[in-house]
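Text of protein06.pdb (PDB, C-alpha atoms and all ligand atoms) as supplied:
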```
MODEL        1
ATOM      1  CA  MET A   1       0.000   0.000   0.000
ATOM      2  CA  SER A   2       1.418   3.390  -0.946
ATOM      3  CA  ARG A   3       1.190   6.373   1.340
ATOM      4  CA  PRO A   4      -0.882   9.358   0.176
ATOM      5  CA  ILE A   5       1.318  12.034  -1.366
ATOM      6  CA  ARG A   6       1.123  15.407   0.350
ATOM      7  CA  VAL A   7       1.338  18.370  -1.992
ATOM      8  CA  TYR A   8       1.309  22.074  -1.403
ATOM      9  CA  ARG A   9       1.183  25.213  -3.532
ATOM     10  CA  SER A  10       3.614  28.023  -3.011
ATOM     11  CA  GLU A  11       5.075  30.978  -4.718
ATOM     12  CA  ALA A  12       8.877  30.934  -4.681
ATOM     13  CA  VAL A  13      12.041  32.576  -5.949
ATOM     14  CA  VAL A  14      14.844  30.303  -7.162
ATOM     15  CA  LEU A  15      17.931  31.100  -5.070
ATOM     16  CA  LYS A  16      20.141  28.336  -6.404
ATOM     17  CA  ALA A  17      19.961  25.733  -9.189
ATOM     18  CA  GLN A  18      22.359  22.805  -9.429
ATOM     19  CA  ASP A  19      22.325  20.229 -12.206
ATOM     20  CA  TYR A  20      21.742  16.740 -10.908
ATOM     21  CA  GLY A  21      21.934  13.437 -12.728
ATOM     22  CA  GLU A  22      21.094  13.322 -16.442
ATOM     23  CA  ALA A  23      18.283  15.844 -16.667
ATOM     24  CA  ASP A  24      17.284  16.957 -13.168
ATOM     25  CA  ARG A  25      18.091  20.042 -11.204
ATOM     26  CA  ILE A  26      18.162  20.531  -7.425
ATOM     27  CA  LEU A  27      16.788  23.915  -6.467
ATOM     28  CA  THR A  28      17.041  26.030  -3.365
ATOM     29  CA  LEU A  29      13.860  28.091  -3.199
ATOM     30  CA  TYR A  30      12.721  30.919  -1.013
ATOM     31  CA  THR A  31       9.015  30.894  -0.168
ATOM     32  CA  PRO A  32       6.937  33.313   1.923
ATOM     33  CA  ALA A  33       5.329  30.737   4.228
ATOM     34  CA  HIS A  34       7.873  27.904   4.361
ATOM     35  CA  GLY A  35      11.120  29.872   4.302
ATOM     36  CA  LYS A  36      13.904  28.100   2.474
ATOM     37  CA  VAL A  37      12.939  24.899   0.635
ATOM     38  CA  ARG A  38      15.106  22.415  -1.232
ATOM     39  CA  ALA A  39      13.334  20.644  -4.056
ATOM     40  CA  ILE A  40      14.129  18.629  -7.141
ATOM     41  CA  ALA A  41      12.852  19.519 -10.609
ATOM     42  CA  LYS A  42      12.897  16.202 -12.454
ATOM     43  CA  GLY A  43      13.674  16.176 -16.163
ATOM     44  CA  VAL A  44      13.800  19.963 -16.228
ATOM     45  CA  ARG A  45      16.847  20.031 -18.505
ATOM     46  CA  ARG A  46      15.000  18.166 -21.260
ATOM     47  CA  THR A  47      13.650  20.497 -23.938
ATOM     48  CA  LYS A  48      10.203  18.956 -23.748
ATOM     49  CA  SER A  49       9.893  19.457 -19.993
ATOM     50  CA  ARG A  50       6.850  21.474 -18.952
ATOM     51  CA  THR A  51       8.629  23.045 -15.973
ATOM     52  CA  SER A  52      11.652  24.033 -18.073
ATOM     53  CA  GLY A  53      12.058  27.826 -18.147
ATOM     54  CA  HIS A  54       9.802  28.297 -15.106
ATOM     55  CA  VAL A  55      12.383  27.439 -12.457
ATOM     56  CA  ASP A  56      15.512  29.204 -13.693
ATOM     57  CA  LEU A  57      17.788  31.056 -11.281
ATOM     58  CA  PHE A  58      16.188  34.283  -9.889
ATOM     59  CA  THR A  59      12.772  33.397 -11.383
ATOM     60  CA  ARG A  60       9.632  33.976  -9.325
ATOM     61  CA  SER A  61       7.139  31.158  -9.927
ATOM     62  CA  ASN A  62       3.959  29.567  -8.697
ATOM     63  CA  LEU A  63       4.777  25.990  -7.803
ATOM     64  CA  LEU A  64       3.000  22.797  -6.918
ATOM     65  CA  ILE A  65       5.314  20.808  -4.683
ATOM     66  CA  ALA A  66       5.037  17.215  -3.482
ATOM     67  CA  VAL A  67       6.625  16.474  -0.129
ATOM     68  CA  GLY A  68       9.353  13.898  -0.607
ATOM     69  CA  ARG A  69      11.212  11.789   1.898
ATOM     70  CA  GLN A  70      14.469  13.697   1.485
ATOM     71  CA  LEU A  71      13.807  16.337  -1.115
ATOM     72  CA  ASP A  72      10.503  17.849  -2.122
ATOM     73  CA  ILE A  73       9.546  17.403  -5.764
ATOM     74  CA  ILE A  74       8.303  20.138  -8.070
ATOM     75  CA  THR A  75       5.325  18.838 -10.014
ATOM     76  CA  GLN A  76       4.095  22.044 -11.660
ATOM     77  CA  ALA A  77       5.638  25.456 -12.255
ATOM     78  CA  GLU A  78       4.382  28.663 -13.770
ATOM     79  CA  THR A  79       6.467  31.817 -14.067
ATOM     80  CA  VAL A  80       5.194  34.943 -12.309
ATOM     81  CA  GLU A  81       8.164  37.226 -12.970
ATOM     82  CA  THR A  82      11.563  36.656 -14.644
ATOM     83  CA  PHE A  83      13.313  39.950 -13.748
ATOM     84  CA  ALA A  84      14.762  39.821 -17.264
ATOM     85  CA  GLY A  85      16.809  42.999 -16.825
ATOM     86  CA  LEU A  86      19.052  41.177 -14.338
ATOM     87  CA  ARG A  87      20.640  39.241 -17.153
ATOM     88  CA  ARG A  88      21.650  42.223 -19.255
ATOM     89  CA  ASN A  89      25.279  42.129 -18.085
ATOM     90  CA  LEU A  90      27.620  40.305 -15.757
ATOM     91  CA  TRP A  91      27.622  43.128 -13.217
ATOM     92  CA  HIS A  92      23.864  42.838 -12.696
ATOM     93  CA  VAL A  93      24.032  39.033 -12.581
ATOM     94  CA  ALA A  94      26.735  39.322  -9.915
ATOM     95  CA  GLN A  95      24.630  41.695  -7.798
ATOM     96  CA  ALA A  96      21.574  39.445  -8.054
ATOM     97  CA  THR A  97      23.715  36.424  -7.172
ATOM     98  CA  TYR A  98      24.924  38.242  -4.090
ATOM     99  CA  ILE A  99      21.349  39.091  -3.032
ATOM    100  CA  VAL A 100      20.045  35.528  -3.371
ATOM    101  CA  GLU A 101      23.078  34.245  -1.495
ATOM    102  CA  LEU A 102      22.452  36.703   1.310
ATOM    103  CA  VAL A 103      18.849  35.515   1.575
ATOM    104  CA  GLU A 104      20.011  31.910   1.524
ATOM    105  CA  GLY A 105      22.618  32.565   4.221
ATOM    106  CA  PHE A 106      20.314  34.449   6.579
ATOM    107  CA  SER A 107      17.138  32.367   6.154
ATOM    108  CA  ALA A 108      16.054  29.035   7.542
ATOM    109  CA  GLU A 109      13.940  26.106   6.402
ATOM    110  CA  GLU A 110      10.355  26.027   7.649
ATOM    111  CA  LEU A 111      10.594  29.557   9.022
ATOM    112  CA  ALA A 112       8.115  31.969   7.465
ATOM    113  CA  ASN A 113       9.397  35.494   6.861
ATOM    114  CA  HIS A 114       6.962  37.296   4.565
ATOM    115  CA  GLY A 115       8.874  40.551   4.951
ATOM    116  CA  LEU A 116      12.075  38.944   3.717
ATOM    117  CA  TYR A 117      10.265  37.440   0.729
ATOM    118  CA  THR A 118       8.858  40.851  -0.214
ATOM    119  CA  LEU A 119      12.289  42.450   0.217
ATOM    120  CA  LEU A 120      13.826  39.824  -2.076
ATOM    121  CA  ILE A 121      11.291  40.446  -4.829
ATOM    122  CA  ASP A 122      11.482  44.232  -4.492
ATOM    123  CA  THR A 123      15.274  44.134  -4.652
ATOM    124  CA  LEU A 124      15.420  41.854  -7.709
ATOM    125  CA  ARG A 125      12.927  44.140  -9.426
ATOM    126  CA  ARG A 126      14.975  47.227  -8.590
ATOM    127  CA  LEU A 127      18.183  45.570  -9.780
ATOM    128  CA  ALA A 128      16.498  44.534 -13.012
ATOM    129  CA  THR A 129      15.474  48.095 -13.813
ATOM    130  CA  SER A 130      18.339  50.136 -12.360
ATOM    131  CA  ASP A 131      21.615  51.105 -14.002
ATOM    132  CA  ASP A 132      23.286  51.787 -10.675
ATOM    133  CA  PRO A 133      22.458  49.019  -8.219
ATOM    134  CA  PHE A 134      24.486  50.438  -5.311
ATOM    135  CA  LEU A 135      21.610  51.836  -3.248
ATOM    136  CA  ALA A 136      19.306  48.892  -3.993
ATOM    137  CA  VAL A 137      21.909  46.405  -2.758
ATOM    138  CA  ARG A 138      22.921  48.385   0.345
ATOM    139  CA  ALA A 139      19.270  49.027   1.279
ATOM    140  CA  CYS A 140      18.585  45.316   0.892
ATOM    141  CA  GLU A 141      21.513  44.446   3.164
ATOM    142  CA  LEU A 142      20.354  46.771   5.931
ATOM    143  CA  GLN A 143      16.713  45.789   5.676
ATOM    144  CA  LEU A 144      17.552  42.082   5.562
ATOM    145  CA  LEU A 145      19.653  42.462   8.722
ATOM    146  CA  GLY A 146      16.685  44.108  10.435
ATOM    147  CA  LEU A 147      14.226  41.445   9.258
ATOM    148  CA  THR A 148      16.410  38.586  10.485
ATOM    149  CA  GLY A 149      17.173  40.001  13.926
ATOM    150  CA  TYR A 150      20.603  41.528  13.261
ATOM    151  CA  GLN A 151      19.778  45.208  12.820
ATOM    152  CA  PRO A 152      22.967  47.182  13.452
ATOM    153  CA  GLN A 153      22.716  49.982  16.031
ATOM    154  CA  LEU A 154      23.547  53.212  14.195
ATOM    155  CA  PHE A 155      22.077  55.879  16.472
ATOM    156  CA  ARG A 156      23.373  55.147  19.989
ATOM    157  CA  CYS A 157      26.749  53.971  21.213
ATOM    158  CA  LEU A 158      26.682  50.219  21.755
ATOM    159  CA  HIS A 159      28.733  50.549  24.908
ATOM    160  CA  CYS A 160      27.493  53.655  26.804
ATOM    161  CA  ASN A 161      24.131  54.095  25.014
ATOM    162  CA  GLU A 162      24.774  57.836  24.482
ATOM    163  CA  ARG A 163      23.492  59.384  21.285
ATOM    164  CA  ILE A 164      26.107  59.246  18.517
ATOM    165  CA  GLU A 165      27.256  62.751  17.558
ATOM    166  CA  PRO A 166      29.088  63.671  14.336
ATOM    167  CA  GLY A 167      32.792  63.004  14.939
ATOM    168  CA  SER A 168      35.345  60.216  14.962
ATOM    169  CA  ASN A 169      33.044  57.281  15.661
ATOM    170  CA  ARG A 170      33.776  53.640  14.928
ATOM    171  CA  PHE A 171      31.753  50.783  13.506
ATOM    172  CA  SER A 172      32.136  47.458  15.275
ATOM    173  CA  ALA A 173      31.304  44.436  13.135
ATOM    174  CA  ARG A 174      31.735  42.209  16.165
ATOM    175  CA  LEU A 175      29.327  44.161  18.390
ATOM    176  CA  GLY A 176      26.981  45.154  15.574
ATOM    177  CA  GLY A 177      26.939  48.926  15.486
ATOM    178  CA  VAL A 178      28.597  52.224  16.316
ATOM    179  CA  LEU A 179      30.895  53.105  19.212
ATOM    180  CA  CYS A 180      31.413  56.697  20.365
ATOM    181  CA  PRO A 181      34.997  58.096  20.702
ATOM    182  CA  ALA A 182      34.965  57.492  24.491
ATOM    183  CA  CYS A 183      34.121  53.804  24.078
ATOM    184  CA  GLU A 184      36.328  52.790  21.159
ATOM    185  CA  ALA A 185      38.421  50.601  23.474
ATOM    186  CA  SER A 186      35.514  48.169  23.840
ATOM    187  CA  ASP A 187      36.372  46.802  20.380
ATOM    188  CA  ARG A 188      39.899  47.524  19.160
ATOM    189  CA  THR A 189      39.060  46.001  15.774
ATOM    190  CA  ALA A 190      36.240  48.505  15.109
ATOM    191  CA  ALA A 191      36.886  50.559  11.959
ATOM    192  CA  PRO A 192      36.478  54.346  11.765
ATOM    193  CA  VAL A 193      33.183  55.377  10.178
ATOM    194  CA  SER A 194      32.878  58.819   8.585
ATOM    195  CA  VAL A 195      29.981  61.192   9.215
ATOM    196  CA  ASP A 196      28.840  60.802   5.583
ATOM    197  CA  ALA A 197      28.948  57.000   5.571
ATOM    198  CA  LEU A 198      27.041  56.831   8.845
ATOM    199  CA  LYS A 199      24.424  59.208   7.472
ATOM    200  CA  VAL A 200      23.932  57.007   4.387
ATOM    201  CA  MET A 201      23.562  53.844   6.470
ATOM    202  CA  ARG A 202      21.078  55.511   8.825
ATOM    203  CA  ASN A 203      18.995  56.766   5.920
ATOM    204  CA  LEU A 204      18.975  53.390   4.204
ATOM    205  CA  GLN A 205      17.853  51.808   7.473
ATOM    206  CA  THR A 206      15.090  54.284   8.292
ATOM    207  CA  ASN A 207      14.101  56.469   5.354
ATOM    208  CA  GLU A 208      15.339  55.195   2.052
ATOM    209  CA  GLN A 209      13.124  57.572   0.089
ATOM    210  CA  ALA A 210      15.054  60.528   1.520
ATOM    211  CA  MET A 211      18.234  58.793   0.419
ATOM    212  CA  LEU A 212      17.045  58.411  -3.149
ATOM    213  CA  ARG A 213      16.495  62.153  -3.425
ATOM    214  CA  VAL A 214      20.102  62.905  -2.434
ATOM    215  CA  GLY A 215      21.432  61.839  -5.819
ATOM    216  CA  PRO A 216      24.669  60.013  -6.585
ATOM    217  CA  LEU A 217      27.059  59.442  -3.693
ATOM    218  CA  ALA A 218      30.797  60.100  -3.767
ATOM    219  CA  GLN A 219      32.810  56.991  -4.672
ATOM    220  CA  ASN A 220      34.740  56.979  -1.392
ATOM    221  CA  VAL A 221      31.509  57.126   0.650
ATOM    222  CA  GLN A 222      30.040  54.285  -1.414
ATOM    223  CA  ARG A 223      33.133  52.181  -0.838
ATOM    224  CA  GLU A 224      33.137  52.897   2.887
ATOM    225  CA  VAL A 225      29.456  52.005   3.355
ATOM    226  CA  GLU A 226      29.912  48.822   1.348
ATOM    227  CA  LYS A 227      32.973  47.800   3.341
ATOM    228  CA  ARG A 228      31.462  48.404   6.795
ATOM    229  CA  LEU A 229      28.281  46.487   5.920
ATOM    230  CA  GLN A 230      30.273  43.706   4.330
ATOM    231  CA  GLU A 231      32.416  43.250   7.448
ATOM    232  CA  TYR A 232      29.313  43.028   9.615
ATOM    233  CA  ILE A 233      27.549  40.585   7.277
ATOM    234  CA  VAL A 234      30.625  38.366   7.049
ATOM    235  CA  TYR A 235      30.918  38.350  10.819
ATOM    236  CA  ARG A 236      27.249  37.387  11.240
ATOM    237  CA  LEU A 237      27.273  34.776   8.477
ATOM    238  CA  GLU A 238      30.387  33.068   9.746
ATOM    239  CA  ARG A 239      28.731  32.647  13.090
ATOM    240  CA  ARG A 240      25.547  31.398  11.474
ATOM    241  CA  VAL A 241      26.732  29.075   8.769
ATOM    242  CA  ARG A 242      30.028  27.370   8.266
ATOM    243  CA  SER A 243      30.163  27.811   4.527
ATOM    244  CA  VAL A 244      30.695  31.316   3.252
ATOM    245  CA  THR A 245      31.804  30.393  -0.224
ATOM    246  CA  PHE A 246      29.994  33.367  -1.672
ATOM    247  CA  LEU A 247      32.602  35.611  -0.145
ATOM    248  CA  ASP A 248      35.332  34.117  -2.266
ATOM    249  CA  ARG A 249      33.272  34.869  -5.304
ATOM    250  CA  LEU A 250      32.679  38.400  -4.067
ATOM    251  CA  ARG A 251      36.393  38.963  -3.857
ATOM    252  CA  SER A 252      36.983  37.733  -7.391
ATOM    253  CA  ASP A 253      37.319  40.004 -10.378
ATOM    254  CA  VAL A 254      33.792  39.267 -11.491
ATOM    255  CA  PHE A 255      32.565  41.644  -8.824
ATOM    256  CA  ALA A 256      34.659  44.605  -9.892
ATOM    257  CA  PRO A 257      32.404  47.463 -11.001
ATOM    258  CA  PRO A 258      32.085  47.984 -14.755
ATOM    259  CA  GLN A 259      34.606  50.386 -16.248
ATOM    260  CA  SER A 260      32.894  53.314 -17.917
TER     261      SER A 260
HETATM  262 ZN    ZN B   1      30.040  55.299  24.118
ENDMDL
END
```
Represent the supplied structure as structure tokens.
Amino acid sequence: MSRPIRVYRSEAVVLKAQDYGEADRILTLYTPAHGKVRAIAKGVRRTKSRTSGHVDLFTRSNLLIAVGRQLDIITQAETVETFAGLRRNLWHVAQATYIVELVEGFSAEELANHGLYTLLIDTLRRLATSDDPFLAVRACELQLLGLTGYQPQLFRCLHCNERIEPGSNRFSARLGGVLCPACEASDRTAAPVSVDALKVMRNLQTNEQAMLRVGPLAQNVQREVEKRLQEYIVYRLERRVRSVTFLDRLRSDVFAPPQS
């Protein structure tokens, strides 16, 4: 006697797609109600497959999924959104790859996070339509940290709780926020953070619309914001998951900005 097969419907974004066997693909999906899901798309690499094209990397799809013993199985798939603009050049592909890897690293299986799902879709859409993805990616980083319980403290000193004033403050990746000049000894590894960089991070965390009206940021401020956030994310991810392979890819030439 065979057991009844349990199936469920879910919308999902494909975070990762690995070829498996002759024609299958193992997918890591992000869903609003089930968090991260690993599922197999059988025969998807055959041209006649009905799911083919509906479960490509970054694609948002409506899926019918059968619960399997080890891996769930995708039985139907219909594309909702392809974010086609992401594939226009390597730089955009690299940014989108970074975003899906962030979501994969900071999310869990069977843990609903509707806010994170919405952030993922909004960010992919912004990347697909924007020529300069800097603000979209940084905003996503800060909002993702907030949605997963790691919001960095940017307004008060982590050590003495005094309000941070413009000056020679430091950003501690280890402690997760800013230290005032009087408390810098509480983390000797904390990097200096300029008034401008701190202002950008605060705006992206609280009022991104105001940020968008500011216009293009100076290159050195962009680099500083990116570096401080990156150090914090690396610190958090290394504590959360053992594998941080995406960082190696980030450091490779592929992620160098396009030369204009
Ligand atoms: Zn302090």
inquiry  = I'd like the contact shell of Gly176 in chain A - 12 Å cut-off, only C-alpha atoms, skipping same-chain residues fewer than 4 positions apart - returned as an MDAnalysis selection string.
reply    = chainID A and resid 142 145:146 149:159 170:172 187 190:191 228:236
Go ahead and save the picked residues with C-alpha atoms, as a short mmCIF file (atom, residue, chain, number, x, y, z; two decimals), in the coordinates of the input.
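The file below, part-v9.cif, is the result:
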```cif
data_model
loop_
_atom_site.label_atom_id
_atom_site.label_comp_id
_atom_site.auth_asym_id
_atom_site.auth_seq_id
_atom_site.Cartn_x
_atom_site.Cartn_y
_atom_site.Cartn_z
CA LEU A 142 20.35 46.77 5.93
CA LEU A 145 19.65 42.46 8.72
CA GLY A 146 16.68 44.11 10.44
CA GLY A 149 17.17 40.00 13.93
CA TYR A 150 20.60 41.53 13.26
CA GLN A 151 19.78 45.21 12.82
CA PRO A 152 22.97 47.18 13.45
CA GLN A 153 22.72 49.98 16.03
CA LEU A 154 23.55 53.21 14.20
CA PHE A 155 22.08 55.88 16.47
CA ARG A 156 23.37 55.15 19.99
CA CYS A 157 26.75 53.97 21.21
CA LEU A 158 26.68 50.22 21.76
CA HIS A 159 28.73 50.55 24.91
CA ARG A 170 33.78 53.64 14.93
CA PHE A 171 31.75 50.78 13.51
CA SER A 172 32.14 47.46 15.28
CA ASP A 187 36.37 46.80 20.38
CA ALA A 190 36.24 48.50 15.11
CA ALA A 191 36.89 50.56 11.96
CA ARG A 228 31.46 48.40 6.80
CA LEU A 229 28.28 46.49 5.92
CA GLN A 230 30.27 43.71 4.33
CA GLU A 231 32.42 43.25 7.45
CA TYR A 232 29.31 43.03 9.62
CA ILE A 233 27.55 40.58 7.28
CA VAL A 234 30.62 38.37 7.05
CA TYR A 235 30.92 38.35 10.82
CA ARG A 236 27.25 37.39 11.24
#
```
request  = Quick one: pull the distance between CA of Val225 in chain A and CA of Glu104 in chain A, Å, one decimal.
outcome  =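 Result for CA of Val225 in chain A versus CA of Glu104 in chain A: 22.3 Å, one decimal.
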inquiry  = Here is a test: counting only C-alpha atoms, which residue of A:Arg138, A:Val178, A:Cys160, A:Asp56 is nearest to Met211 in chain A?
reply    = A:Arg138
request  = Tell me, in Å to one decimal, how far CA of His54 in chain A is from CA of Ala12 in chain A.
outcome  = 10.8 Å
task = Pull out every residue that the PyMOL selection byres (((chain A and resi 35) around 8) and not hetatm) matches in the shown coordinates and put them as an MDAnalysis selection string.
result = chainID A and resid 30:34 36:37 107:113
Residues from last step as file, C-alpha atoms, as a PDB file, in the coordinates of the input:
```pdb
ATOM      1  CA  TYR A  30      12.721  30.919  -1.013  1.00  0.00           C
ATOM      2  CA  THR A  31       9.015  30.894  -0.168  1.00  0.00           C
ATOM      3  CA  PRO A  32       6.937  33.313   1.923  1.00  0.00           C
ATOM      4  CA  ALA A  33       5.329  30.737   4.228  1.00  0.00           C
ATOM      5  CA  HIS A  34       7.873  27.904   4.361  1.00  0.00           C
ATOM      6  CA  LYS A  36      13.904  28.100   2.474  1.00  0.00           C
ATOM      7  CA  VAL A  37      12.939  24.899   0.635  1.00  0.00           C
ATOM      8  CA  SER A 107      17.138  32.367   6.154  1.00  0.00           C
ATOM      9  CA  ALA A 108      16.054  29.035   7.542  1.00  0.00           C
ATOM     10  CA  GLU A 109      13.940  26.106   6.402  1.00  0.00           C
ATOM     11  CA  GLU A 110      10.355  26.027   7.649  1.00  0.00           C
ATOM     12  CA  LEU A 111      10.594  29.557   9.022  1.00  0.00           C
ATOM     13  CA  ALA A 112       8.115  31.969   7.465  1.00  0.00           C
ATOM     14  CA  ASN A 113       9.397  35.494   6.861  1.00  0.00           C
TER      15      ASN A 113
END
```
key: Nearest residue to Glu165 in chain A from the set A:Asp24, A:Ala210, A:Ala185, A:Lys199 (distances using all atoms listed in the file)   =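 Nearest candidate to Glu165 in chain A out of A:Asp24, A:Ala210, A:Ala185, A:Lys199: A:Lys199.
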